[in-house]
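A.B. asks: You'll find target26.txt just under this line, and it carries compact mmCIF, C-alpha atoms.
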```
# COMPACT_ATOMS: atom_id res chain seq x y z
CA MET A 1 111.76 44.27 59.17
CA LYS A 2 109.76 43.53 62.27
CA ALA A 3 109.26 46.39 64.74
CA LEU A 4 108.38 45.68 68.39
CA TYR A 5 107.12 48.23 70.88
CA PHE A 6 107.10 47.90 74.66
CA ALA A 7 105.57 49.65 77.69
CA TRP A 8 104.31 53.19 76.98
CA VAL A 9 105.78 53.13 73.47
CA ARG A 10 103.43 50.22 72.72
CA GLU A 11 100.49 51.97 74.37
CA ARG A 12 100.99 55.23 72.50
CA ILE A 13 101.38 53.55 69.11
CA GLY A 14 98.48 51.21 69.86
CA LYS A 15 100.15 47.98 68.78
CA ALA A 16 102.82 45.63 70.08
CA GLU A 17 104.44 44.81 66.74
CA GLU A 18 104.23 45.37 63.00
CA GLU A 19 106.13 44.84 59.79
CA ILE A 20 107.81 48.01 58.56
CA VAL A 21 109.50 48.71 55.24
CA PRO A 22 111.66 51.80 55.67
CA PRO A 23 112.93 53.50 52.49
CA GLU A 24 116.50 52.76 51.50
CA ASN A 25 117.83 56.10 52.68
CA ILE A 26 116.97 55.19 56.29
CA LYS A 27 120.20 53.67 57.58
CA THR A 28 120.38 54.20 61.36
CA VAL A 29 118.18 53.74 64.43
CA ALA A 30 117.91 57.54 64.77
CA GLU A 31 116.79 57.91 61.16
CA LEU A 32 114.25 55.13 61.60
CA MET A 33 112.78 56.83 64.68
CA ALA A 34 112.49 60.12 62.78
CA TRP A 35 110.81 58.30 59.89
CA LEU A 36 108.38 56.45 62.18
CA SER A 37 107.48 59.64 64.06
CA GLY A 38 106.08 60.99 60.79
CA HIS A 39 103.48 58.21 60.60
CA GLY A 40 100.71 60.09 62.39
CA GLY A 41 99.78 61.32 65.83
CA ASN A 42 100.27 58.02 67.67
CA TYR A 43 103.80 57.61 66.34
CA ALA A 44 104.62 61.28 66.91
CA ALA A 45 103.56 60.87 70.57
CA ALA A 46 105.53 57.65 71.00
CA PHE A 47 108.71 59.18 69.58
CA ALA A 48 108.28 62.63 71.14
CA HIS A 49 111.24 62.15 73.49
CA ILE A 50 113.72 60.42 71.25
CA LYS A 51 116.66 61.08 73.58
CA THR A 52 115.28 58.80 76.29
CA MET A 53 114.16 56.08 73.85
CA ARG A 54 116.08 52.82 74.00
CA ALA A 55 116.42 50.47 71.05
CA ALA A 56 117.49 46.88 70.45
CA LEU A 57 118.46 45.28 67.13
CA ASP A 58 117.89 41.53 67.02
CA ARG A 59 117.62 41.52 70.84
CA THR A 60 120.84 43.43 71.51
CA HIS A 61 120.94 46.93 73.02
CA VAL A 62 122.19 49.50 70.52
CA LYS A 63 122.90 53.20 70.41
CA HIS A 64 120.96 55.54 68.15
CA ASP A 65 123.76 55.75 65.60
CA ALA A 66 123.74 51.97 65.02
CA SER A 67 123.13 50.76 61.48
CA ILE A 68 119.81 48.99 60.89
CA LEU A 69 121.07 47.25 57.75
CA ASN A 70 120.78 43.45 58.02
CA ALA A 71 118.64 43.67 61.18
CA ARG A 72 115.57 41.47 61.15
CA GLU A 73 113.97 42.85 64.29
CA ILE A 74 114.06 46.25 65.95
CA ALA A 75 112.53 47.03 69.33
CA PHE A 76 111.77 50.43 70.85
CA PHE A 77 111.17 50.90 74.56
CA PRO A 78 111.60 53.31 77.46
CA PRO A 79 114.47 52.94 79.96
CA MET A 80 114.04 49.63 81.76
CA THR A 81 112.57 49.31 85.24
CA GLY A 82 112.93 45.65 86.13
CA GLY A 83 114.48 44.12 89.19
CA MET B 1 136.11 27.61 86.34
CA ARG B 2 132.94 29.30 85.23
CA ALA B 3 129.85 29.14 87.36
CA ARG B 4 126.82 27.08 86.46
CA ILE B 5 124.21 29.65 85.46
CA LEU B 6 120.46 29.21 85.70
CA VAL B 7 118.10 31.91 84.41
CA ARG B 8 114.30 31.81 84.43
CA VAL B 9 111.64 34.32 83.40
CA GLN B 10 108.23 33.26 84.64
CA THR B 11 104.81 34.38 85.87
CA GLU B 12 104.74 32.09 88.94
CA ASN B 13 105.99 33.17 92.34
CA PHE B 14 109.16 31.55 93.70
CA ASP B 15 110.20 29.93 96.98
CA VAL B 16 113.61 31.27 98.04
CA ALA B 17 114.52 28.34 100.31
CA ALA B 18 113.52 25.73 97.73
CA GLU B 19 115.47 27.52 94.99
CA ALA B 20 118.58 27.78 97.19
CA ALA B 21 118.39 24.11 98.17
CA ARG B 22 117.97 23.00 94.54
CA LEU B 23 120.81 25.25 93.36
CA THR B 24 123.37 23.80 95.76
CA GLN B 25 122.16 20.19 95.73
CA GLY B 26 125.05 17.75 95.48
CA CYS B 27 127.66 20.51 95.72
CA THR B 28 129.70 20.32 98.92
CA ASN B 29 132.44 22.87 98.26
CA ILE B 30 130.16 25.93 98.49
CA GLY B 31 131.01 27.95 101.59
CA ALA B 32 128.87 31.00 100.90
CA LEU B 33 125.42 31.52 99.48
CA VAL B 34 123.92 35.00 99.08
CA SER B 35 120.33 35.54 98.02
CA PHE B 36 118.58 38.77 97.13
CA THR B 37 114.80 38.97 96.76
CA GLY B 38 113.10 42.03 95.29
CA LEU B 39 109.54 42.36 96.61
CA CYS B 40 106.49 44.30 95.48
CA ARG B 41 105.67 47.09 97.98
CA ASP B 42 102.15 48.45 98.49
CA GLU B 43 103.36 52.06 98.79
CA GLY B 44 101.37 52.74 101.93
CA GLY B 45 98.26 51.01 100.59
CA ALA B 46 98.14 53.00 97.33
CA LEU B 47 99.39 50.18 95.13
CA ALA B 48 97.16 47.20 94.29
CA ALA B 49 99.66 45.43 92.03
CA LEU B 50 102.57 45.84 89.67
CA GLU B 51 102.19 44.68 86.10
CA ILE B 52 105.51 43.69 84.60
CA GLU B 53 105.99 43.60 80.86
CA HIS B 54 109.05 41.98 79.30
CA TYR B 55 110.69 41.37 75.96
CA PRO B 56 110.47 37.58 75.59
CA GLY B 57 113.77 36.09 74.50
CA MET B 58 115.84 39.21 75.05
CA ALA B 59 114.98 39.25 78.76
CA GLU B 60 116.48 35.79 79.29
CA GLU B 61 119.44 36.60 77.04
CA GLU B 62 120.29 39.85 78.82
CA ILE B 63 120.11 38.28 82.29
CA THR B 64 122.31 35.42 81.07
CA ARG B 65 124.80 37.88 79.59
CA VAL B 66 125.03 39.77 82.90
CA ALA B 67 125.38 36.48 84.82
CA ARG B 68 128.23 35.42 82.51
CA GLU B 69 129.95 38.72 83.17
CA ALA B 70 129.58 38.17 86.94
CA SER B 71 131.03 34.70 86.48
CA SER B 72 134.05 36.11 84.65
CA ARG B 73 134.62 38.75 87.35
CA TRP B 74 134.36 36.55 90.43
CA PRO B 75 135.07 32.86 91.15
CA LEU B 76 131.51 31.59 91.57
CA GLU B 77 130.13 28.05 91.67
CA ARG B 78 126.47 28.76 90.96
CA ILE B 79 124.29 31.66 89.82
CA LEU B 80 120.51 31.67 89.77
CA ALA B 81 118.39 34.56 88.52
CA VAL B 82 114.59 34.40 88.40
CA HIS B 83 112.54 37.36 87.18
CA ARG B 84 108.75 37.38 87.13
CA TYR B 85 106.39 39.10 84.72
CA GLY B 86 102.64 39.65 84.67
CA LEU B 87 100.57 40.85 87.61
CA ILE B 88 102.41 40.85 90.96
CA ARG B 89 100.71 41.67 94.25
CA PRO B 90 102.26 43.52 97.21
CA GLY B 91 104.29 41.12 99.35
CA GLU B 92 105.12 38.83 96.44
CA GLY B 93 108.59 38.40 95.00
CA ILE B 94 109.54 40.10 91.73
CA VAL B 95 113.13 39.04 91.30
CA LEU B 96 115.46 36.51 92.93
CA VAL B 97 119.23 36.39 92.60
CA ILE B 98 121.31 33.70 94.31
CA THR B 99 125.08 33.47 94.09
CA ALA B 100 127.14 30.68 95.58
CA SER B 101 130.91 30.52 95.96
CA LEU B 102 133.69 29.20 98.17
CA HIS B 103 133.90 32.42 100.22
CA ARG B 104 131.45 35.18 101.04
CA GLY B 105 133.18 38.18 99.44
CA GLU B 106 132.61 37.16 95.85
CA ALA B 107 129.06 35.93 96.50
CA PHE B 108 128.06 39.30 98.04
CA ALA B 109 129.77 41.31 95.29
CA ALA B 110 128.35 39.23 92.44
CA ALA B 111 124.78 39.39 93.81
CA SER B 112 125.03 43.17 94.09
CA PHE B 113 126.51 43.46 90.59
CA LEU B 114 123.81 41.22 89.13
CA MET B 115 121.01 43.28 90.64
CA ASP B 116 122.53 46.60 89.57
CA TYR B 117 122.84 45.44 85.97
CA LEU B 118 119.58 43.57 85.87
CA LYS B 119 117.72 46.77 86.78
CA THR B 120 119.24 48.83 83.98
CA GLU B 121 119.90 46.28 81.21
CA ALA B 122 117.25 43.56 81.37
CA PRO B 123 114.17 44.47 79.28
CA PHE B 124 111.41 44.63 81.91
CA TRP B 125 109.01 47.49 82.58
CA LYS B 126 106.77 48.02 85.61
CA LYS B 127 103.30 49.53 85.47
CA ARG B 128 101.56 50.52 88.68
CA HIS B 129 97.98 49.42 89.35
CA LEU B 130 96.45 51.68 91.98
CA ALA B 131 94.07 50.55 94.70
CA ASP B 132 91.54 53.30 93.95
CA LYS B 133 92.02 54.03 90.23
CA GLY B 134 93.04 50.81 88.51
CA ALA B 135 95.77 50.84 85.86
CA GLY B 136 98.05 53.78 86.51
CA ASP B 137 101.41 55.08 85.35
CA TRP B 138 104.60 53.37 84.20
CA VAL B 139 107.38 53.36 86.76
CA GLU B 140 110.15 55.71 85.62
CA ALA B 141 113.78 54.64 85.57
CA LYS B 142 115.74 56.20 88.45
CA PRO B 143 119.07 57.95 87.92
CA GLN B 144 120.41 56.28 91.09
CA ASP B 145 119.86 52.84 89.53
CA HIS B 146 121.96 53.91 86.58
CA ALA B 147 124.61 55.29 88.93
CA ALA B 148 124.61 52.00 90.86
CA ALA B 149 125.35 50.09 87.66
CA GLN B 150 127.95 52.63 86.61
CA LYS B 151 130.06 52.10 89.73
CA TRP B 152 131.03 48.62 88.49
CA ARG B 153 132.18 49.91 85.15
CA PRO B 154 133.27 53.54 84.88
CA ASP B 155 132.56 53.60 81.14
CA PHE B 156 128.94 52.50 81.58
CA PRO B 157 127.02 54.63 79.10
CA LEU B 158 125.21 56.93 81.50
CA GLY B 159 122.38 58.61 79.62
CA GLN B 160 124.04 57.78 76.35
CA PHE B 161 121.14 55.91 74.82
```
In structure tokens, how does this file's structure come out?

C.D. replies:
Amino acid sequence: MKALYFAWVRERIGKAEEEIVPPENIKTVAELMAWLSGHGGNYAAAFAHIKTMRAALDRTHVKHDASILNAREIAFFPPMTGG
Amino acid sequence: MRARILVRVQTENFDVAAEAARLTQGCTNIGALVSFTGLCRDEGGALAALEIEHYPGMAEEEITRVAREASSRWPLERILAVHRYGLIRPGEGIVLVITASLHRGEAFAAASFLMDYLKTEAPFWKKRHLADKGAGDWVEAKPQDHAAAQKWRPDFPLGQF
């Protein structure tokens, strides 16, 4: 699946997007964040405050317990500050 | 009847009067037009610019979703929402919301609703560029913005995400 990162999540990881292939036992957004945070210092820093992290699956806001199965695109970002 | 909804996400600045005139062109049963413009402040001279990042595609979709909800809550004729991204200087517009309806009550309420939801649900992020230090920190989301959105819908997921 395609992973997108925005704002300081993007800056900490050091890239805006990448293809990720999570193992089959990773089924939810929360599990995916935990898995990604184990990918080295940049990822650990980006996912240090998981509680405040927002996620979208295929451009729709989701909660952390949402299933990632069948999603083509997942985005991680801090709380939004538009307007 | 559902309102005609126009949503744009763009780098260019906007002209409020021109947008309002275009939105209501040829429509003679509009009795009330409310516009809200969000501007970039210089924070007492400290801020050189705001850099706004967005999630292309989702940004337009989320604003449209919120506009559709406004249209289902109030009898509106027209809704326009324009949100900029990229580098924005103090004094320039960031966001424009215009609502038009037969009477003023629904136009005021819908504009307020749109702004409250746009701030907490549309995927935009502001980074401050400081006059003396260059690129600075990311603007943090404010609890009062979340509370403002929550007042329209008591079950709004405050801090749930």

A.B. asks: State, in Å with one decimal place, the distance from CA of Val9 (chain A) to CA of Asp65 (chain A).

C.D. replies: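 Here the two named atoms are 19.8 Å from each other.
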
A.B. asks: Work out how far apart CA of Gly41 (chain A) and CA of Met53 (chain A) are and give it in Å to one decimal.

C.D. replies: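 If I compute the distance from CA of Gly41 (chain A) to CA of Met53 (chain A), I get 17.3 Å.
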
A.B. asks: Within 12 Å of Pro78 (chain A), counting all atoms listed in the file, which residues show up once you throw out same-chain ones fewer than 6 positions away? Write them as an NGL selection string, please.

C.D. replies: (:A and (5-12 or 46-56)) or (:B and (53-54 or 120-126 or 138-141 or 161))

A.B. asks: When you draw a straight line from CA of Ile79 (chain B) to CA of His146 (chain B), how long is it in Å?

C.D. replies: 22.6 Å

A.B. asks: Quick one: residues within 7 Å of Arg72 (chain A), all atoms listed in the file, excluding same-chain residues fewer than 5 positions away - as an MDAnalysis selection string?

C.D. replies: chainID A and resid 1:2 58

A.B. asks: Counting only C-alpha atoms, which residues in region 37-119 of chain B sit no more than 8 Å from region 16-29 of chain B? For each one, give the nearest pair of atoms and the distance in Å, sorted by chain then residue number, as JSON lines.

C.D. replies:
```
{"residue": "B:Thr37", "atom": "CA", "partner": "B:Val16", "partner_atom": "CA", "distance": 7.9}
{"residue": "B:Arg78", "atom": "CA", "partner": "B:Leu23", "partner_atom": "CA", "distance": 7.1}
{"residue": "B:Leu80", "atom": "CA", "partner": "B:Leu23", "partner_atom": "CA", "distance": 7.4}
{"residue": "B:Leu96", "atom": "CA", "partner": "B:Val16", "partner_atom": "CA", "distance": 7.5}
{"residue": "B:Ile98", "atom": "CA", "partner": "B:Ala20", "partner_atom": "CA", "distance": 7.1}
{"residue": "B:Ala100", "atom": "CA", "partner": "B:Thr24", "partner_atom": "CA", "distance": 7.8}
{"residue": "B:Leu102", "atom": "CA", "partner": "B:Asn29", "partner_atom": "CA", "distance": 6.5}
```

A.B. asks: I'd like to know which of B:Arg2, B:Lys133, B:Arg89, B:Arg65 is closest to chain A, using all atoms listed in the file.

C.D. replies: B:Arg65
